[in-house]
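The file run.pdb comes next; it holds PDB, C-alpha atoms.
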```
ATOM      1  CA  MET A  21      65.802  43.981  -7.869
ATOM      2  CA  ALA A  22      65.305  46.753  -5.298
ATOM      3  CA  VAL A  23      61.813  47.515  -4.061
ATOM      4  CA  ASN A  24      60.735  51.142  -4.299
ATOM      5  CA  TYR A  25      58.340  51.956  -1.487
ATOM      6  CA  ARG A  26      55.981  54.948  -1.604
ATOM      7  CA  HIS A  27      55.525  55.274   2.147
ATOM      8  CA  VAL A  28      57.499  54.811   5.367
ATOM      9  CA  ALA A  29      55.845  53.640   8.591
ATOM     10  CA  LEU A  30      57.736  53.681  11.877
ATOM     11  CA  THR A  31      56.589  51.317  14.599
ATOM     12  CA  GLY A  32      57.773  50.443  18.069
ATOM     13  CA  PRO A  33      56.704  50.544  21.696
ATOM     14  CA  PRO A  34      55.649  53.802  23.396
ATOM     15  CA  GLY A  35      58.583  56.003  24.373
ATOM     16  CA  ILE A  36      61.088  54.326  22.050
ATOM     17  CA  GLY A  37      61.705  57.476  19.996
ATOM     18  CA  LYS A  38      59.384  57.307  16.986
ATOM     19  CA  THR A  39      58.330  60.962  17.222
ATOM     20  CA  THR A  40      61.913  62.089  17.802
ATOM     21  CA  LEU A  41      62.953  60.173  14.682
ATOM     22  CA  VAL A  42      60.063  61.732  12.712
ATOM     23  CA  GLN A  43      61.213  65.197  13.790
ATOM     24  CA  LYS A  44      64.783  64.397  12.717
ATOM     25  CA  ILE A  45      63.579  63.128   9.324
ATOM     26  CA  VAL A  46      61.395  66.217   8.789
ATOM     27  CA  SER A  47      64.301  68.481   9.676
ATOM     28  CA  LYS A  48      66.528  66.746   7.095
ATOM     29  CA  LEU A  49      63.767  66.908   4.464
ATOM     30  CA  GLN A  50      63.310  70.624   5.078
ATOM     31  CA  GLU A  51      67.080  71.191   4.830
ATOM     32  CA  THR A  52      66.980  69.701   1.329
ATOM     33  CA  GLU A  53      63.846  71.719   0.537
ATOM     34  CA  LEU A  54      61.657  68.671   0.037
ATOM     35  CA  PRO A  55      58.067  69.712   0.727
ATOM     36  CA  CYS A  56      56.389  68.133   3.715
ATOM     37  CA  GLN A  57      53.349  68.890   5.790
ATOM     38  CA  GLY A  58      51.358  67.194   8.499
ATOM     39  CA  PHE A  59      51.613  66.801  12.241
ATOM     40  CA  TYR A  60      53.223  65.028  15.152
ATOM     41  CA  THR A  61      51.956  64.353  18.646
ATOM     42  CA  GLN A  62      53.645  65.457  21.828
ATOM     43  CA  GLU A  63      53.120  64.595  25.481
ATOM     44  CA  VAL A  64      51.864  67.357  27.763
ATOM     45  CA  ARG A  65      53.423  67.205  31.230
ATOM     46  CA  GLN A  66      52.659  69.035  34.456
ATOM     47  CA  GLY A  67      54.731  68.526  37.554
ATOM     48  CA  GLY A  68      56.575  65.611  35.932
ATOM     49  CA  ARG A  69      53.309  63.805  35.213
ATOM     50  CA  ARG A  70      51.820  63.196  31.753
ATOM     51  CA  VAL A  71      48.425  64.909  31.582
ATOM     52  CA  GLY A  72      47.675  64.692  27.882
ATOM     53  CA  PHE A  73      48.808  64.900  24.294
ATOM     54  CA  ASN A  74      48.896  67.756  21.819
ATOM     55  CA  VAL A  75      48.881  67.745  18.032
ATOM     56  CA  ILE A  76      51.526  70.040  16.575
ATOM     57  CA  THR A  77      51.492  70.788  12.861
ATOM     58  CA  LEU A  78      54.698  71.225  10.909
ATOM     59  CA  ASP A  79      53.669  74.838  10.297
ATOM     60  CA  GLY A  80      53.475  75.518  14.052
ATOM     61  CA  LYS A  81      49.799  75.200  15.025
ATOM     62  CA  THR A  82      49.032  73.380  18.279
ATOM     63  CA  GLY A  83      45.850  71.773  19.538
ATOM     64  CA  VAL A  84      44.686  69.255  22.101
ATOM     65  CA  LEU A  85      44.497  65.600  21.134
ATOM     66  CA  ALA A  86      43.640  64.209  24.559
ATOM     67  CA  LYS A  87      43.828  65.120  28.221
ATOM     68  CA  VAL A  88      43.341  63.505  31.589
ATOM     69  CA  LYS A  89      39.842  63.956  32.874
ATOM     70  CA  ALA A  90      38.263  62.692  36.058
ATOM     71  CA  ASP A  91      35.684  59.977  35.565
ATOM     72  CA  SER A  92      32.398  61.287  34.306
ATOM     73  CA  SER A  93      29.134  59.784  33.229
ATOM     74  CA  ASN A  94      29.290  61.293  29.748
ATOM     75  CA  ARG A  95      29.016  58.246  27.503
ATOM     76  CA  ARG A  96      29.717  60.334  24.401
ATOM     77  CA  GLU A  97      33.306  60.909  25.457
ATOM     78  CA  HIS A  98      35.965  58.991  23.586
ATOM     79  CA  ARG A  99      38.400  57.558  26.116
ATOM     80  CA  VAL A 100      41.732  55.775  25.943
ATOM     81  CA  GLY A 101      42.667  54.832  29.490
ATOM     82  CA  GLN A 102      42.595  57.968  31.625
ATOM     83  CA  TYR A 103      42.583  60.274  28.582
ATOM     84  CA  VAL A 104      39.567  61.863  26.925
ATOM     85  CA  VAL A 105      40.152  62.421  23.211
ATOM     86  CA  ASP A 106      39.125  65.808  21.809
ATOM     87  CA  VAL A 107      38.027  64.614  18.374
ATOM     88  CA  PRO A 108      36.882  68.050  17.070
ATOM     89  CA  ALA A 109      40.187  69.702  18.049
ATOM     90  CA  PHE A 110      42.166  66.867  16.448
ATOM     91  CA  GLU A 111      40.103  66.983  13.261
ATOM     92  CA  SER A 112      40.445  70.755  12.955
ATOM     93  CA  LEU A 113      44.222  70.343  12.648
ATOM     94  CA  ALA A 114      44.590  66.930  10.973
ATOM     95  CA  LEU A 115      41.824  66.753   8.374
ATOM     96  CA  PRO A 116      42.956  69.742   6.260
ATOM     97  CA  PHE A 117      46.206  67.880   5.482
ATOM     98  CA  LEU A 118      44.261  64.891   4.210
ATOM     99  CA  ARG A 119      42.327  67.124   1.808
ATOM    100  CA  THR A 120      45.363  68.839   0.235
ATOM    101  CA  GLN A 121      47.238  65.751  -0.906
ATOM    102  CA  ASN A 122      46.605  66.377  -4.617
ATOM    103  CA  ILE A 123      47.843  69.981  -4.680
ATOM    104  CA  SER A 124      51.532  69.253  -5.322
ATOM    105  CA  PRO A 125      53.925  66.417  -4.572
ATOM    106  CA  HIS A 126      54.931  66.441  -0.924
ATOM    107  CA  ILE A 127      55.482  64.134   2.002
ATOM    108  CA  LEU A 128      52.550  63.889   4.389
ATOM    109  CA  VAL A 129      53.638  63.320   7.998
ATOM    110  CA  LEU A 130      51.113  61.619  10.292
ATOM    111  CA  ASP A 131      52.489  60.915  13.761
ATOM    112  CA  GLU A 132      50.648  58.951  14.931
ATOM    113  CA  ILE A 133      47.946  56.668  13.661
ATOM    114  CA  GLY A 134      46.776  54.991  16.864
ATOM    115  CA  LYS A 135      43.808  54.418  19.166
ATOM    116  CA  MET A 136      43.122  58.080  19.865
ATOM    117  CA  GLU A 137      43.169  59.080  16.207
ATOM    118  CA  MET A 138      40.881  56.170  15.282
ATOM    119  CA  PHE A 139      37.940  57.960  16.938
ATOM    120  CA  SER A 140      37.868  60.293  13.914
ATOM    121  CA  GLN A 141      36.132  58.521  11.049
ATOM    122  CA  GLY A 142      37.097  61.421   8.785
ATOM    123  CA  PHE A 143      40.747  60.785   9.610
ATOM    124  CA  VAL A 144      40.465  57.022   9.048
ATOM    125  CA  CYS A 145      38.734  57.519   5.678
ATOM    126  CA  GLY A 146      41.210  60.225   4.672
ATOM    127  CA  VAL A 147      44.251  58.058   5.416
ATOM    128  CA  ARG A 148      42.778  55.167   3.441
ATOM    129  CA  GLN A 149      42.023  57.465   0.503
ATOM    130  CA  ILE A 150      45.536  58.922   0.459
ATOM    131  CA  MET A 151      47.146  55.496   0.671
ATOM    132  CA  SER A 152      45.160  54.453  -2.411
ATOM    133  CA  GLN A 153      46.476  57.373  -4.480
ATOM    134  CA  PRO A 154      49.507  56.406  -6.580
ATOM    135  CA  ASN A 155      51.120  59.852  -6.214
ATOM    136  CA  SER A 156      50.984  60.040  -2.418
ATOM    137  CA  THR A 157      53.938  59.769  -0.047
ATOM    138  CA  LEU A 158      53.456  59.210   3.676
ATOM    139  CA  LEU A 159      55.759  59.232   6.686
ATOM    140  CA  ILE A 160      53.695  57.773   9.511
ATOM    141  CA  THR A 161      53.995  56.129  12.894
ATOM    142  CA  VAL A 162      51.870  53.241  14.102
ATOM    143  CA  PRO A 163      51.822  51.388  17.413
ATOM    144  CA  VAL A 164      53.059  47.835  17.843
ATOM    145  CA  PRO A 165      50.253  45.262  17.752
ATOM    146  CA  LYS A 166      48.827  44.836  21.240
ATOM    147  CA  GLY A 167      45.376  43.752  22.307
ATOM    148  CA  LYS A 168      42.539  44.083  19.827
ATOM    149  CA  PRO A 169      43.833  44.796  16.296
ATOM    150  CA  MET A 170      43.026  48.189  14.787
ATOM    151  CA  PRO A 171      41.951  47.595  11.164
ATOM    152  CA  LEU A 172      43.622  50.711   9.699
ATOM    153  CA  VAL A 173      46.887  50.040  11.537
ATOM    154  CA  GLU A 174      46.907  46.450  10.279
ATOM    155  CA  GLU A 175      46.218  47.664   6.720
ATOM    156  CA  ILE A 176      49.199  50.011   7.012
ATOM    157  CA  ARG A 177      51.488  47.369   8.507
ATOM    158  CA  ASN A 178      50.650  44.957   5.648
ATOM    159  CA  HIS A 179      50.498  47.436   2.752
ATOM    160  CA  PRO A 180      52.862  46.431  -0.092
ATOM    161  CA  ASP A 181      53.994  50.037  -0.715
ATOM    162  CA  ILE A 182      55.112  50.640   2.879
ATOM    163  CA  LEU A 183      58.625  50.325   4.214
ATOM    164  CA  LEU A 184      57.865  49.244   7.805
ATOM    165  CA  VAL A 185      60.670  50.194  10.199
ATOM    166  CA  ASN A 186      60.745  48.779  13.715
ATOM    167  CA  VAL A 187      62.329  51.501  15.862
ATOM    168  CA  THR A 188      64.498  50.186  18.693
ATOM    169  CA  ARG A 189      66.953  51.673  21.181
ATOM    170  CA  GLU A 190      69.733  50.260  19.014
ATOM    171  CA  ASN A 191      68.655  51.768  15.677
ATOM    172  CA  ARG A 192      66.788  54.997  16.531
ATOM    173  CA  ASP A 193      69.963  57.107  16.235
ATOM    174  CA  ASP A 194      71.476  55.093  13.368
ATOM    175  CA  ASP A 195      72.589  57.316  10.481
ATOM    176  CA  VAL A 196      72.319  54.384   8.047
ATOM    177  CA  LEU A 197      68.639  53.921   8.945
ATOM    178  CA  LEU A 198      68.013  57.659   8.674
ATOM    179  CA  LYS A 199      69.619  57.735   5.219
ATOM    180  CA  LYS A 200      67.558  54.715   4.080
ATOM    181  CA  ILE A 201      64.307  56.426   5.166
ATOM    182  CA  LEU A 202      65.264  59.743   3.556
ATOM    183  CA  THR A 203      66.238  58.015   0.298
ATOM    184  CA  THR A 204      62.958  56.058   0.229
ATOM    185  CA  LEU A 205      60.937  59.262   0.706
ATOM    186  CA  LYS A 206      62.932  61.226  -1.891
ATOM    187  CA  ILE A 207      62.591  58.500  -4.525
ATOM    188  CA  SER A 208      58.835  58.285  -3.934
ATOM    189  CA  LEU A 209      58.469  61.967  -4.857
ATOM    190  CA  GLU A 210      60.233  61.537  -8.210
TER     191      GLU A 210
END
```

For the structure just supplied, provide its representation as structure tokens.
Amino acid sequence: MAVNYRHVALTGPPGIGKTTLVQKIVSKLQETELPCQGFYTQEVRQGGRRVGFNVITLDGKTGVLAKVKADSSNRREHRVGQYVVDVPAFESLALPFLRTQNISPHILVLDEIGKMEMFSQGFVCGVRQIMSQPNSTLLITVPVPKGKPMPLVEEIRNHPDILLVNVTRENRDDDVLLKKILTTLKISLE
């Protein structure tokens, strides 16, 4: 008996192509007029050097997720390595998507659910709430386990309704994998 998953989670090491695969999936969904909304993250580079990350919504809005900032004594800053996370800017773009899940069936794209995004308790609570709704469909990316476990990421990785796909150099451009993900998402909307 085939398992019908409600959600798809892509995982893999940084730089492997998860966001590129998400963009390809979204493009195919839009071609078939399947409704999707949400966001993806994108590196910001200056002079060949990564200086931050932006959040880009599927409807074209852009905002800062995190940026490099010289050391400061501000203990209220949320930091991941050399990056300071702009929680209010992230929430202004991401949280509205978590509040519109019940409007009509659609695929909610959340790229990514990682350390930086975890600083927003509203985001964490919103993702948990959406995952508990039987009519929700998510396409998300999560990091590979490394260091201290992130509770929400572990919940996602172990959720029974999630098709967890490990993205590798060998499969990231595989049409069979792309078709499997698209079929899973389409069926979940029915």

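Atom to atom, atom CA of Pro171 of chain A and atom CA of Lys135 of chain A stand 10.7 Å apart.
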
Next item on the list: Go through the shown structure with the PyMOL selection byres ((chain A and resi 71) around 9) and write out the matching residues as a ChimeraX atom specification.
Entry: /A:63-66,69-70,72-73,86-89,103

I need the residues from that last selection saved to file as an mmCIF file, in the frame of the given file (with C-alpha atoms), if you can.
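In the end it all went to part12.cif:
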```cif
data_model
loop_
_atom_site.group_PDB
_atom_site.id
_atom_site.type_symbol
_atom_site.label_atom_id
_atom_site.label_comp_id
_atom_site.auth_asym_id
_atom_site.auth_seq_id
_atom_site.Cartn_x
_atom_site.Cartn_y
_atom_site.Cartn_z
ATOM 1 C CA GLU A 63 53.120 64.595 25.481
ATOM 2 C CA VAL A 64 51.864 67.357 27.763
ATOM 3 C CA ARG A 65 53.423 67.205 31.230
ATOM 4 C CA GLN A 66 52.659 69.035 34.456
ATOM 5 C CA ARG A 69 53.309 63.805 35.213
ATOM 6 C CA ARG A 70 51.820 63.196 31.753
ATOM 7 C CA GLY A 72 47.675 64.692 27.882
ATOM 8 C CA PHE A 73 48.808 64.900 24.294
ATOM 9 C CA ALA A 86 43.640 64.209 24.559
ATOM 10 C CA LYS A 87 43.828 65.120 28.221
ATOM 11 C CA VAL A 88 43.341 63.505 31.589
ATOM 12 C CA LYS A 89 39.842 63.956 32.874
ATOM 13 C CA TYR A 103 42.583 60.274 28.582
#
```

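Between atom CA of Ile76 of chain A and atom CA of Gly134 of chain A the interatomic distance comes to 15.8 Å.
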
Check: Taking the file as shown, what set of residues would the PyMOL selection byres ((chain A and resi 192) around 8) give back, as a list in words?
Finding: Ile36, Gly37, Lys38, Leu41, Val187, Thr188, Arg189, Glu190, Asn191, Asp193, Asp194 and Leu197 of chain A

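Of the listed residues A:Thr161, A:Ser208, A:Thr39, A:Asn74, the one whose atoms come nearest to Arg177 of chain A is A:Thr161, with distances taken using all atoms listed in the file.
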
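Atom pair atom CA of His179 of chain A / atom CA of Gln62 of chain A: separated by 26.4 Å.
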
Item checked: Selection near segment 42-55 of chain A, 12 Å with all atoms listed in the file, sequence-local residues under 3 positions removed, as a PyMOL selection string -> chain A and resi 28-31+36-39+58-62+76-79+121+123-132+157-162+185+187+192-195+197-210

Next item on the list: Kindly resolve the PyMOL selection byres ((chain A and resi 25) around 8) on the present coordinates and return the residues as a PyMOL selection string.
Entry: chain A and resi 23-24+26-28+180-183+204+208

Note to self: Excluding segment 142-153 of chain A and its own-chain neighbours fewer than 6 positions away, which residues fall within 8 Å of it when counting all atoms listed in the file? Please give them as a PyMOL selection string.
What the structure shows: chain A and resi 111+114-115+118-119+121+172
